[in-house]
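Accompanying notes for the structure given below.
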Amino acid sequence: MKKTFFSTSKYRLAKSKIFFYIVCFFSTLTMIPLFLIIWELIKRGYKQFNFSLFTEVAPTSMDAMLAKISGDPIPGGILNGITGTLLILVIAIIIAIPVGILVGIYLSENPKKKFSNLIRSLADLLQGIPSIVVGIIVYVWVVRPMHGYSALAGSVALAIMMLPMIIRSTEETLKMLPTSLKEAGLALGGSYTLVVLKILLPSAFGGLFTGSLLAISRVMGETAPLMVTALGATIVNWNISDPTSAISLLIWEFYNDPNLAPLVWSSSLLLLFIVLGINIFAKSVAKKWKIQ
Amino acid sequence: MENSINSENNKYVLELKEVSVSYTPGKNAVENVNAGIRENTVTAIMGPSGCGKSTLLRAINRMHDLYPEIKTTGEILLKGENIFKMNPMKVRRLAGMVFQRPNPFPTMSIYDNVLAGYKLNNISLKKSEKDEVVEASLRSVALWDEVKDSMNKKGTFLSGGQQQRLCIARAIALKPEIILMDEPTSALDPISTNRIEDLILELKEHYTIIIVTHNMSQAARISDNSMFMYLGHLVEYGTTKQMFTKPKDKRTEDYLTGVFG
């Protein structure tokens, strides 16, 4: 056979090299938005990113205007948002994690049952429900019967949004455990409940922890469902039956008030850092607790 | 000792009566097995892959209960009591199991691994009792001297052979009547295998052992009696010496001489 350029190994090597560079190029391209976002937030937010951001509640529009006129940085911070986000998330975690883990256990233990398939499809559908719709449903279910907006209502909305993620990550983690682990526990005469509690769940801890962290970081920045449930507050509130602010709610408020607009950047920067921090922490935990 | 299966001075600790196991309805993976096993003996179950060795072994501690599609019929008498009429948890306490791959519980320390059986049965022991059980169990698997200074390290920190001995210690900590071993050395190197085999011979003093093995020379080395299974049937069951010298069945002879395997 006559050798042409197209049949030589040189041509094939060149082809795979070109393909490699194209892949690299687009991979790099996808990272650019993240760095641009971080850069933009730091550039615009660093001036307001100070100690008082963490120690003072959000300023009124009037205070901000006066500071602006006299050329001072805007006073106040987002303490009420930070504590609110914390309160709402803690209750959401208390609601969602036990339920999600129990459902995940059921799915991994009964993978082929019709009921499991139904739950699995419903969990996937639940993940697809727009967050504002979840918020409005919770408004009807919790806010109206309680006669008022509350941190609890916000938590219920976020818990509903976290559930599918926790369910699926629990199921996936438990499925990865070798069957011999469960069999070894049962072969020692262990009851099913004790084998799940003392062997399967501790062995899967890394996966469950990571899954829960990622679910938390996913709902942390949710704004729409909180608008119709937690509403917002100008003070630090620790009462679960009272309206409560959140970092994301404050960002929305700042955006709507020209005098407070500079605070949008520092608050967004903080929110982004927290979410990225949780993500990085979750990844490192996942690596450390990897199932052998 | 020539014919220890039928001798009358030892009573059966385990009796299999018409035991059949099926994974799919109408197709038996183990068919109509009848056998009696005497106390303080080592019985090897041999046969080619897929002949039902492990399936038969796992019927004895009702492991098949975990999988609803698997059906077991017949009777298995453990010390005269039908295991299918007992609480499965009790059956499994009386019939300890050692698996093919060493599987210590990854989140537990060596100490806790030995005591896992007690924890999983909600039996609480005093600290001194715990120490006693752990030491006695680890001593009887000849692991005590190697691990006595690292009790709090994870069980998975040990070498493969040590892990397997830990798993045996975990099984005997509950003082079972019989120990079921499912190819316990197939994942181990020759030196570790050797140690486990020596251990099996020592454990025979106190326990009845049934071991599934692929390795014919292993069966010859450690077992008193052997079962040869083929296509789900128990083809031949007799003393190991007799089976390896004068097999009664043509299929056993073919297997032992390497005609198939």
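Chain labels follow the order of the structure tokens: the first chain is A, the next B, and so on; residue numbering restarts at 1 in every chain, and ligands are counted from 1 in their shown order.
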Q) Skipping near chain neighbours, those fewer than 2 positions away, what residues fall within 9 Å of range 239-256 of chain A using only C-alpha atoms, listed as JSON, numbers by chain? A) {"A": [58, 78, 79, 80, 81, 82, 83, 84, 85, 86, 87, 88, 91, 146, 148, 149, 150, 151, 152, 153, 154, 220, 221, 222, 223, 224, 226, 227, 229, 230, 231, 232, 233, 234, 235, 236, 237, 258, 259, 260, 261, 262, 263, 264, 265, 267, 268, 270, 271]}
Quick one: which chain A residues come within 7 Å of chain B, and what is the nearest atom pair for each with the distance in Å to one decimal, counting only C-alpha atoms, rows ordered by chain and ascending number, as JSON lines?
```
{"residue": "A:Ser180", "atom": "CA", "partner": "B:Asn103", "partner_atom": "CA", "distance": 7.0}
{"residue": "A:Leu181", "atom": "CA", "partner": "B:Asn103", "partner_atom": "CA", "distance": 6.5}
{"residue": "A:Ala187", "atom": "CA", "partner": "B:Arg92", "partner_atom": "CA", "distance": 5.3}
{"residue": "A:Leu188", "atom": "CA", "partner": "B:Gly117", "partner_atom": "CA", "distance": 5.2}
{"residue": "A:Gly189", "atom": "CA", "partner": "B:Met89", "partner_atom": "CA", "distance": 4.3}
{"residue": "A:Gly190", "atom": "CA", "partner": "B:Leu120", "partner_atom": "CA", "distance": 4.4}
{"residue": "A:Ser191", "atom": "CA", "partner": "B:Leu120", "partner_atom": "CA", "distance": 6.6}
{"residue": "A:Leu194", "atom": "CA", "partner": "B:Leu120", "partner_atom": "CA", "distance": 5.7}
{"residue": "A:Val195", "atom": "CA", "partner": "B:Leu120", "partner_atom": "CA", "distance": 6.5}
{"residue": "A:Ile199", "atom": "CA", "partner": "B:Phe105", "partner_atom": "CA", "distance": 6.9}
{"residue": "A:Pro202", "atom": "CA", "partner": "B:Thr107", "partner_atom": "CA", "distance": 6.5}
{"residue": "A:Ser203", "atom": "CA", "partner": "B:Thr107", "partner_atom": "CA", "distance": 5.8}
```
Original post:
What is the CA of Tyr67 in chain B to CA of Pro25 in chain B distance in Å?
Top reply: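 Value for the CA of Tyr67 in chain B-CA of Pro25 in chain B distance: 13.5 Å.
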Could you list, as a PDB file with C-alpha atoms, in the first residue's frame, every residue within 7 Å of range 199-209 of chain B, counting only C-alpha atoms and ignoring same-chain residues fewer than 4 positions away?
```pdb
ATOM      1  CA  GLU B  39     -18.641 -31.985  66.254  1.00  0.00           C
ATOM      2  CA  ASN B  40     -15.037 -30.735  66.225  1.00  0.00           C
ATOM      3  CA  THR B  41     -14.356 -31.713  62.641  1.00  0.00           C
ATOM      4  CA  VAL B  42     -13.274 -29.722  59.621  1.00  0.00           C
ATOM      5  CA  THR B  43     -15.423 -30.374  56.584  1.00  0.00           C
ATOM      6  CA  VAL B 141      -6.383 -16.523  66.271  1.00  0.00           C
ATOM      7  CA  GLU B 177     -21.256 -23.751  67.583  1.00  0.00           C
ATOM      8  CA  ILE B 178     -19.933 -23.873  64.058  1.00  0.00           C
ATOM      9  CA  ILE B 179     -17.797 -21.612  61.889  1.00  0.00           C
ATOM     10  CA  LEU B 180     -18.622 -21.290  58.215  1.00  0.00           C
ATOM     11  CA  ARG B 195      -1.180 -19.289  59.016  1.00  0.00           C
ATOM     12  CA  ILE B 222      -6.826 -29.385  56.730  1.00  0.00           C
TER      13      ILE B 222
END
```
Exercise. Please run DSSP on the backbone and report, as a ChimeraX atom specification, all residues within range 27-217 of chain B that come out as alpha helix (DSSP H).
Key: /B:53-60,88-94,110-120,127-140,144-147,160-172,190-203,216-217
What separates CA of Gly238 in chain B and CA of Phe84 in chain B is a distance of 26.3 Å
**OP:** Could you give me the residues within range 49-163 of chain B that DSSP places in strand (DSSP E), as a PyMOL selection string?
**Re:** chain B and resi 71-78+81-82+95-98
Keeping only N, CA and C atoms, write the selected residues as a tab-separated table (two decimals), in the first residue's frame.
```tsv
chain	number	residue	atom	x	y	z
B	71	LYS	N	-34.93	-18.92	47.39
B	71	LYS	CA	-35.79	-19.79	48.19
B	71	LYS	C	-35.00	-21.01	48.67
B	72	THR	N	-35.12	-21.29	49.95
B	72	THR	CA	-34.45	-22.46	50.51
B	72	THR	C	-35.51	-23.42	51.02
B	73	THR	N	-35.39	-24.70	50.68
B	73	THR	CA	-36.33	-25.69	51.21
B	73	THR	C	-35.56	-26.81	51.88
B	74	GLY	N	-36.27	-27.65	52.59
B	74	GLY	CA	-35.62	-28.74	53.32
B	74	GLY	C	-35.45	-28.34	54.78
B	75	GLU	N	-34.68	-29.15	55.48
B	75	GLU	CA	-34.47	-28.88	56.90
B	75	GLU	C	-32.98	-28.81	57.19
B	76	ILE	N	-32.60	-27.86	58.05
B	76	ILE	CA	-31.23	-27.84	58.54
B	76	ILE	C	-31.32	-27.87	60.06
B	77	LEU	N	-30.77	-28.91	60.65
B	77	LEU	CA	-30.84	-29.03	62.11
B	77	LEU	C	-29.50	-28.64	62.72
B	78	LEU	N	-29.55	-27.63	63.57
B	78	LEU	CA	-28.34	-27.22	64.28
B	78	LEU	C	-28.53	-27.65	65.72
B	81	GLU	N	-32.04	-28.67	66.36
B	81	GLU	CA	-33.14	-27.72	66.23
B	81	GLU	C	-33.18	-27.19	64.79
B	82	ASN	N	-34.37	-27.16	64.20
B	82	ASN	CA	-34.52	-26.70	62.82
B	82	ASN	C	-34.27	-25.19	62.74
B	95	ALA	N	-23.87	-19.79	64.25
B	95	ALA	CA	-23.07	-20.20	63.09
B	95	ALA	C	-22.32	-18.98	62.59
B	96	GLY	N	-21.10	-18.81	63.07
B	96	GLY	CA	-20.29	-17.66	62.66
B	96	GLY	C	-19.83	-17.81	61.22
B	97	MET	N	-19.59	-16.67	60.56
B	97	MET	CA	-19.18	-16.77	59.16
B	97	MET	C	-17.94	-15.93	58.89
B	98	VAL	N	-17.04	-16.51	58.08
B	98	VAL	CA	-15.85	-15.79	57.64
B	98	VAL	C	-15.94	-15.72	56.12
```
For Lys79 in chain B, work out the shell of residues within 8 Å, counting only C-alpha atoms and skipping chain neighbours fewer than 5 positions away, then give it as a PDB file with N, CA and C atoms, in the first residue's frame.
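Result written to selection-v7.pdb:
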```pdb
ATOM      1  N   TYR B  12     -24.135 -35.721  65.564  1.00  0.00           N
ATOM      2  CA  TYR B  12     -24.147 -34.665  64.556  1.00  0.00           C
ATOM      3  C   TYR B  12     -24.398 -33.314  65.222  1.00  0.00           C
ATOM      4  N   VAL B  13     -23.590 -32.312  64.876  1.00  0.00           N
ATOM      5  CA  VAL B  13     -23.893 -30.974  65.350  1.00  0.00           C
ATOM      6  C   VAL B  13     -24.755 -30.267  64.311  1.00  0.00           C
ATOM      7  N   LEU B  14     -24.598 -30.708  63.072  1.00  0.00           N
ATOM      8  CA  LEU B  14     -25.367 -30.090  61.988  1.00  0.00           C
ATOM      9  C   LEU B  14     -25.870 -31.182  61.059  1.00  0.00           C
TER      10      LEU B  14
END
```
Quiz prompt | Residues near Arg120 in chain A, cut-off 12 Å, only C-alpha atoms, skip fewer than 6 positions along chain, as a ChimeraX atom specification | solution = /A:100,103-104,106-108,110-114,126-127,163-169,171-172
Written selection (C-alpha atoms) as a PDB file, in the first residue's frame:
```
ATOM      1  CA  GLY A 100     -33.456  12.645  53.682  1.00  0.00           C
ATOM      2  CA  VAL A 103     -35.484   7.919  52.718  1.00  0.00           C
ATOM      3  CA  GLY A 104     -32.021   7.356  51.206  1.00  0.00           C
ATOM      4  CA  TYR A 106     -34.946   2.942  52.214  1.00  0.00           C
ATOM      5  CA  LEU A 107     -34.044   3.487  48.550  1.00  0.00           C
ATOM      6  CA  SER A 108     -30.645   1.819  48.794  1.00  0.00           C
ATOM      7  CA  ASN A 110     -35.007  -1.699  48.423  1.00  0.00           C
ATOM      8  CA  PRO A 111     -33.603  -0.644  45.068  1.00  0.00           C
ATOM      9  CA  LYS A 112     -35.991  -2.584  42.871  1.00  0.00           C
ATOM     10  CA  LYS A 113     -39.316  -2.021  44.601  1.00  0.00           C
ATOM     11  CA  LYS A 114     -41.976  -0.103  42.689  1.00  0.00           C
ATOM     12  CA  LEU A 126     -39.051  17.878  43.439  1.00  0.00           C
ATOM     13  CA  GLN A 127     -35.572  19.036  42.505  1.00  0.00           C
ATOM     14  CA  LEU A 163     -34.409  16.939  50.483  1.00  0.00           C
ATOM     15  CA  PRO A 164     -33.915  15.523  46.980  1.00  0.00           C
ATOM     16  CA  MET A 165     -30.173  16.202  47.099  1.00  0.00           C
ATOM     17  CA  ILE A 166     -29.763  14.531  50.491  1.00  0.00           C
ATOM     18  CA  ILE A 167     -31.919  11.561  49.495  1.00  0.00           C
ATOM     19  CA  ARG A 168     -29.963  10.882  46.327  1.00  0.00           C
ATOM     20  CA  SER A 169     -26.534  11.414  47.858  1.00  0.00           C
ATOM     21  CA  GLU A 171     -28.643   6.454  48.352  1.00  0.00           C
ATOM     22  CA  GLU A 172     -25.556   6.728  46.134  1.00  0.00           C
TER      23      GLU A 172
END
```
Coordinates-based distance that separates CA of Pro130 in chain A from CA of Pro145 in chain A (Å, one decimal) |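 Computed distance, CA of Pro145 in chain A to CA of Pro130 in chain A, equals 22.8 Å.
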